[in-house]
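Engineer: My structure file target_34.csv, CSV, C-alpha atoms, is below:
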```csv
chain,number,residue,atom,x,y,z
A,274,MET,CA,78.3,80.4,37.5
A,275,LYS,CA,76.3,83.3,36.1
A,276,ALA,CA,72.7,84.3,36.6
A,277,SER,CA,70.8,87.4,35.8
A,278,PRO,CA,70.0,89.9,38.7
A,279,ARG,CA,66.4,88.9,38.4
A,280,GLN,CA,67.3,85.2,38.9
A,281,GLN,CA,69.4,86.2,41.9
A,282,ARG,CA,66.5,88.2,43.3
A,283,LEU,CA,64.3,85.1,42.9
A,284,LEU,CA,66.7,83.3,45.2
A,285,LEU,CA,65.9,85.8,47.9
A,286,ASP,CA,62.2,85.1,47.5
A,287,LEU,CA,62.9,81.4,47.7
A,288,GLN,CA,65.0,81.9,50.8
A,289,ASP,CA,62.2,84.0,52.4
A,290,HIS,CA,59.7,81.2,51.7
A,291,ASP,CA,62.1,78.6,53.1
A,292,ASN,CA,62.5,80.8,56.2
A,293,LEU,CA,58.8,81.1,56.5
A,294,LEU,CA,58.3,77.3,56.1
A,295,ALA,CA,60.9,76.7,58.8
A,296,ARG,CA,59.2,79.1,61.2
A,297,LEU,CA,55.8,77.5,60.5
A,298,ARG,CA,57.1,74.0,61.1
A,299,ARG,CA,58.8,75.2,64.3
A,300,LYS,CA,55.6,76.9,65.4
A,301,ARG,CA,53.6,73.7,64.7
A,302,GLN,CA,56.0,71.7,66.8
A,303,GLN,CA,56.1,74.2,69.6
A,304,LEU,CA,52.3,74.8,69.9
A,305,ALA,CA,51.3,75.5,73.5
A,306,GLU,CA,48.7,72.8,73.4
A,307,ARG,CA,51.3,70.2,72.5
A,308,ALA,CA,53.4,71.1,75.5
A,309,GLU,CA,50.3,71.2,77.8
A,310,LEU,CA,49.3,67.7,76.5
A,311,GLY,CA,52.7,66.5,77.4
A,312,ALA,CA,52.5,68.0,80.9
A,313,LEU,CA,49.0,66.7,81.3
A,314,GLN,CA,50.1,63.1,80.5
A,315,GLY,CA,51.9,62.9,83.9
A,316,GLU,CA,48.8,64.1,85.7
A,317,LEU,CA,46.6,61.7,83.7
A,318,THR,CA,48.9,58.8,84.7
A,319,GLU,CA,48.7,59.8,88.3
A,320,VAL,CA,44.9,60.2,88.5
A,321,LYS,CA,44.3,57.1,86.5
A,322,SER,CA,46.6,55.1,88.8
A,323,ALA,CA,44.7,56.5,91.8
A,324,PHE,CA,41.4,55.6,90.2
A,325,MET,CA,42.4,52.1,89.4
A,326,ALA,CA,43.7,51.5,92.9
A,327,VAL,CA,40.5,52.6,94.6
A,328,GLN,CA,38.5,50.6,92.0
A,329,ARG,CA,40.4,47.5,92.9
A,330,GLU,CA,39.8,48.2,96.6
A,331,LEU,CA,36.1,48.8,95.9
A,332,ASP,CA,35.8,45.5,93.9
A,333,ALA,CA,37.6,43.6,96.7
A,334,GLN,CA,35.3,45.0,99.3
A,335,SER,CA,32.2,44.3,97.2
A,336,ALA,CA,33.4,40.7,96.7
A,337,ASP,CA,33.9,40.3,100.4
A,338,ILE,CA,30.4,41.6,101.1
A,339,ALA,CA,28.9,39.3,98.6
A,340,ARG,CA,30.8,36.4,100.1
A,341,LEU,CA,29.6,37.3,103.6
A,342,GLU,CA,26.0,37.6,102.4
A,343,ASN,CA,26.3,34.1,101.0
A,344,ASP,CA,27.7,32.8,104.3
A,345,VAL,CA,25.0,34.5,106.2
A,346,GLU,CA,22.3,33.0,104.0
A,347,THR,CA,23.9,29.6,104.4
A,348,VAL,CA,23.9,29.9,108.2
A,349,ARG,CA,20.2,31.0,108.1
A,350,GLN,CA,19.3,28.0,106.0
A,351,ARG,CA,21.0,25.7,108.4
A,352,ARG,CA,19.3,27.4,111.4
A,353,ARG,CA,15.9,27.0,109.7
A,354,ARG,CA,16.7,23.4,109.0
A,355,ASP,CA,17.8,22.7,112.5
A,356,ALA,CA,14.8,24.6,113.9
A,357,HIS,CA,12.5,22.4,111.8
A,358,LEU,CA,14.3,19.3,113.0
A,359,LEU,CA,14.2,20.5,116.6
A,360,ALA,CA,10.4,21.1,116.3
A,361,GLU,CA,9.9,17.5,115.1
A,362,SER,CA,12.5,15.8,117.3
A,363,THR,CA,11.2,13.4,120.0
A,364,SER,CA,14.7,12.7,121.4
A,365,ALA,CA,15.9,14.8,124.3
A,366,LYS,CA,19.5,14.1,123.4
A,367,GLU,CA,18.9,15.0,119.7
A,368,ALA,CA,17.0,18.1,120.7
A,369,GLN,CA,19.9,19.2,123.0
A,370,ALA,CA,22.4,18.7,120.2
A,371,LEU,CA,20.2,20.5,117.7
A,372,GLN,CA,19.7,23.4,120.1
A,373,GLY,CA,23.5,23.6,120.7
A,374,GLU,CA,24.1,23.8,117.0
A,375,ILE,CA,21.3,26.4,116.6
A,376,ASP,CA,23.0,28.5,119.3
A,377,ALA,CA,26.4,28.2,117.6
A,378,LEU,CA,24.8,29.1,114.2
A,379,GLU,CA,23.2,32.2,115.8
A,380,ARG,CA,26.5,33.3,117.1
A,381,ARG,CA,28.1,32.7,113.8
A,382,GLN,CA,25.4,34.6,112.0
A,383,ASN,CA,25.7,37.5,114.4
A,384,ALA,CA,29.5,37.6,113.8
A,385,LEU,CA,29.1,37.5,110.1
A,386,GLU,CA,26.4,40.2,110.1
A,387,GLU,CA,28.6,42.4,112.3
A,388,ARG,CA,31.5,41.9,109.9
A,389,GLU,CA,29.2,42.6,107.0
A,390,LEU,CA,28.1,45.9,108.5
A,391,GLU,CA,31.7,46.9,109.1
A,392,LEU,CA,32.6,46.1,105.5
A,393,MET,CA,29.5,48.0,104.2
A,394,ALA,CA,30.5,51.1,106.2
A,395,ALA,CA,34.1,50.8,104.8
A,396,ASN,CA,32.6,50.2,101.3
A,397,GLU,CA,30.6,53.4,101.6
A,398,GLU,CA,33.7,55.4,102.3
A,399,THR,CA,35.6,53.7,99.5
A,400,GLN,CA,32.7,54.4,97.2
A,401,SER,CA,33.0,58.1,98.0
A,402,ARG,CA,36.7,58.0,97.2
A,403,TYR,CA,36.0,56.1,94.0
A,404,ASP,CA,33.4,58.7,92.9
A,405,ALA,CA,36.0,61.5,93.7
A,406,ALA,CA,38.7,59.6,91.8
A,407,ALA,CA,36.3,59.0,88.8
A,408,GLU,CA,35.4,62.7,88.8
A,409,ALA,CA,39.1,63.7,88.8
A,410,LEU,CA,39.9,61.3,86.0
A,411,ALA,CA,36.9,62.7,84.0
A,412,ARG,CA,38.2,66.3,84.4
A,413,VAL,CA,41.6,65.4,83.2
A,414,ASP,CA,40.2,63.4,80.3
A,415,GLU,CA,37.9,66.3,79.4
A,416,ARG,CA,40.9,68.7,79.5
A,417,ARG,CA,42.9,66.3,77.4
A,418,ASP,CA,40.1,66.1,74.8
A,419,GLU,CA,39.8,69.9,74.8
A,420,LEU,CA,43.6,70.3,74.3
A,421,THR,CA,43.6,67.6,71.6
A,422,ALA,CA,40.8,69.4,69.7
A,423,ASN,CA,42.5,72.7,70.0
A,424,LEU,CA,45.8,71.2,68.9
A,425,LEU,CA,44.3,69.7,65.8
A,426,GLU,CA,42.6,73.0,64.9
A,427,ALA,CA,45.9,74.9,65.4
A,428,GLU,CA,47.8,72.2,63.3
A,429,ARG,CA,45.2,72.4,60.5
A,430,ALA,CA,45.6,76.2,60.4
A,431,ILE,CA,49.4,76.0,60.3
A,432,ASP,CA,49.2,73.2,57.7
A,433,ALA,CA,47.1,75.4,55.5
A,434,GLU,CA,49.8,78.1,55.8
A,435,ILE,CA,52.5,75.6,55.0
A,436,ALA,CA,50.6,74.4,52.0
A,437,ARG,CA,50.2,77.9,50.6
A,438,ALA,CA,53.8,78.8,51.2
A,439,SER,CA,54.9,75.5,49.6
A,440,ASP,CA,52.8,76.2,46.5
A,441,GLU,CA,54.3,79.7,46.3
A,442,ARG,CA,57.8,78.2,46.7
A,443,ALA,CA,57.2,75.7,44.0
A,444,GLY,CA,56.2,78.5,41.7
A,445,ILE,CA,59.4,80.4,42.4
A,446,SER,CA,61.5,77.3,42.0
A,447,ALA,CA,59.9,76.8,38.5
A,448,GLU,CA,61.2,80.2,37.4
A,449,LEU,CA,64.8,79.5,38.5
A,450,GLN,CA,67.4,78.1,36.2
A,451,ARG,CA,68.2,74.5,37.2
A,452,ASP,CA,71.9,74.9,38.0
A,453,LEU,CA,71.2,77.9,40.1
A,454,LEU,CA,68.4,76.2,42.0
A,455,ASP,CA,70.6,73.1,42.6
A,456,LEU,CA,73.4,75.3,43.9
A,457,TYR,CA,71.0,77.1,46.2
A,458,GLU,CA,69.7,73.8,47.6
A,459,GLN,CA,73.2,72.4,48.2
A,460,LEU,CA,74.2,75.5,50.1
A,461,ARG,CA,71.0,75.6,52.1
A,462,GLN,CA,71.3,72.0,53.1
A,463,ARG,CA,74.9,72.5,54.2
A,464,GLY,CA,74.5,75.7,56.2
A,465,GLY,CA,70.8,76.4,56.5
A,466,ILE,CA,71.0,79.5,54.2
A,467,GLY,CA,71.1,79.3,50.5
A,468,ALA,CA,70.9,83.0,49.6
A,469,ALA,CA,71.3,86.2,51.5
A,470,ARG,CA,71.0,90.0,50.9
A,471,LEU,CA,73.9,92.3,50.9
A,472,ARG,CA,72.7,95.6,52.4
A,473,GLY,CA,75.4,98.2,52.4
A,474,ASN,CA,78.4,96.4,53.7
A,475,VAL,CA,76.5,93.9,55.8
A,476,SER,CA,75.7,90.3,54.7
A,477,GLU,CA,72.4,89.0,56.0
A,478,GLY,CA,73.8,85.5,55.7
A,479,SER,CA,76.2,86.1,58.6
A,480,ASN,CA,74.8,89.4,59.9
A,481,MET,CA,78.4,90.8,59.9
A,482,ALA,CA,80.0,93.6,58.0
A,483,LEU,CA,82.3,92.6,55.2
A,484,ALA,CA,85.9,93.6,55.2
A,485,PRO,CA,86.6,96.5,52.8
A,486,ALA,CA,88.6,94.2,50.5
A,487,GLU,CA,85.8,91.6,50.4
A,488,LEU,CA,83.2,94.2,49.8
A,489,GLN,CA,85.2,95.8,47.0
A,490,GLU,CA,85.6,92.4,45.3
A,491,ILE,CA,81.9,91.6,45.5
A,492,ARG,CA,80.8,95.1,44.5
A,493,SER,CA,83.1,95.0,41.5
A,494,ALA,CA,81.8,91.6,40.2
A,495,ALA,CA,79.6,91.7,37.1
A,496,PRO,CA,75.9,91.9,37.9
A,497,ASP,CA,75.3,88.4,36.6
A,498,GLU,CA,78.2,86.9,38.5
A,499,ILE,CA,77.3,84.8,41.5
A,500,THR,CA,79.0,86.0,44.6
A,501,PHE,CA,79.2,84.4,48.0
A,502,CYS,CA,79.0,85.5,51.6
A,503,PRO,CA,82.5,85.0,53.2
A,504,GLY,CA,81.0,84.2,56.6
A,505,SER,CA,78.1,81.8,55.7
A,506,GLY,CA,78.9,80.6,52.3
A,507,ALA,CA,75.5,81.6,51.0
A,508,ILE,CA,74.9,83.1,47.6
A,509,LEU,CA,75.2,86.9,48.3
A,510,VAL,CA,72.6,89.0,46.3
A,511,ARG,CA,73.6,92.6,45.9
A,512,ILE,CA,70.3,94.4,46.5
A,513,ASP,CA,71.5,98.0,46.2
A,514,GLU,CA,73.2,97.4,42.9
A,515,ASP,CA,70.4,95.4,41.5
A,516,GLU,CA,67.8,98.0,42.5
A,517,ALA,CA,69.9,100.8,40.9
A,518,ARG,CA,70.0,99.0,37.6
```
Starting from the file, give its structure as structure tokens.
Structural biologist:
Amino acid sequence: MKASPRQQRLLLDLQDHDNLLARLRRKRQQLAERAELGALQGELTEVKSAFMAVQRELDAQSADIARLENDVETVRQRRRRDAHLLAESTSAKEAQALQGEIDALERRQNALEERELELMAANEETQSRYDAAAEALARVDERRDELTANLLEAERAIDAEIARASDERAGISAELQRDLLDLYEQLRQRGGIGAARLRGNVSEGSNMALAPAELQEIRSAAPDEITFCPGSGAILVRIDEDEAR
């Protein structure tokens, strides 16, 4: 295949843009905010689990307190009822039975109220732990939102660079002859490099010096002859010779 020195030089511009695009995409993938978000996910899972556990404990205690309050109110109503019946009773036996029930209800009420006070004290301590867990979760959520916003901003900036580089690449591609562009793309997909400079006796495709015989063969080829890097297989563009012409 033959291509003018200018066409070959355009391949270098194309490769430079492909290298730039690869760096930009790698930079986008390796943004610090992305890594921090990944690390933060473990912390978020931990604090959310702790928050939900103390929330369940708080809910259970609140339900127990509500149930005890209902039990206390039921006992109070029964005591009031029995006290009313005792006040109206004319039977000594009935009065004695009612008084015994009232005494038992009083003991029951005292026990329930004591238990209620214990639960309320425990509930207050649990509420403090709940507030601390909620605050910790809010801090992590806030940090996650901040990182997410920063990540999106960084991605938008890089995406704008990628779009500009892609437009420039498209312009260069449009100037290249089709068979040369197709060859470049095939080589780039195969080895990651489609075209490389020859500087002195060093190929930038392999970053290695060419053997004297290889260098002589490449240097002696016609300026429009396509030559290849022996190490990488990329199209080797002879910068020095092209610039001298």
Engineer: Just checking: using all atoms listed in the file, which residue out of A:Gln369, A:Asn292, A:Asn396, A:Gln302 ends up closest to Val327 of chain A?
Structural biologist: A:Asn396
Engineer: Can you measure atom CA of Lys366 of chain A to atom CA of Asp344 of chain A for me? One decimal in Å is fine.
Structural biologist: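 Here the two named atoms are 28.0 Å from each other.
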Engineer: Which residue out of A:Tyr457, A:Glu330, A:Asp418, A:Ala447 has the minimum interatomic distance to Glu397 of chain A when only C-alpha atoms are used?
Structural biologist: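 Distance minimum relative to Glu397 of chain A lands on A:Glu330.
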Engineer: Which of these residues is nearest to Gln400 of chain A, using all atoms listed in the file: A:Arg307, A:Val475, A:Leu284, A:Asp332?
Structural biologist: A:Asp332
Engineer: Would you mind reading off the distance between atom CA of Gly464 of chain A and atom CA of Arg298 of chain A, one decimal, in Å?
Structural biologist: 18.2 Å
Engineer: For a test of reading the model, state the distance in Å between atom CA of Pro503 of chain A and atom CA of Ala276 of chain A, rounded to one decimal.
Structural biologist: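 According to the coordinates, atom CA of Pro503 of chain A and atom CA of Ala276 of chain A are separated by 19.3 Å.
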Engineer: Of the candidates A:Ala333, A:Ile431, A:Glu367, A:Gln350, which one gets nearest to Gln303 of chain A if we count only C-alpha atoms?
Structural biologist: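 Between A:Ala333, A:Ile431, A:Glu367, A:Gln350, the residue approaching Gln303 of chain A most closely is A:Ile431.
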Engineer: Between A:Glu342, A:Asp355, A:Glu477, A:Glu389, which residue has the minimum interatomic distance to Asp376 of chain A, considering only C-alpha atoms?
Structural biologist: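 Looking only at the distances to Asp376 of chain A, the closest residue turns out to be A:Asp355.
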Engineer: For segment 433-446 of chain A, work out the shell of residues within 9 Å, counting all atoms listed in the file and skipping chain neighbours fewer than 3 positions away, then give it as a list in words.
Structural biologist: Leu283, Leu284, Asp286, Leu287, His290, Asp291, Leu293, Leu294, Leu297, Arg298, Glu428, Arg429, Ala430, Leu449, Gln450, Arg451 and Leu454 of chain A
Engineer: Could you give me, as number ranges by chain, the residues within 12 Å of segment 478-480 of chain A, counting only C-alpha atoms and dropping anything in the same chain fewer than 5 positions from it?
Structural biologist: A: 285, 288, 460-461, 464-473, 501-510
Engineer: Kindly indicate which residue among A:Arg353, A:Arg299, A:Arg388, A:Arg380 lies nearest to Gln334 of chain A, using only C-alpha atoms for the distances.
Structural biologist: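 Using only C-alpha atoms, Gln334 of chain A sits closest to A:Arg388.
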Engineer: With all atoms listed in the file as the counted atoms, please give the residues lying no more than 9 Å from Glu498 of chain A, apart from itself and same-chain residues fewer than 3 positions off, as a ChimeraX atom specification.
Structural biologist: /A:274-278,494-495
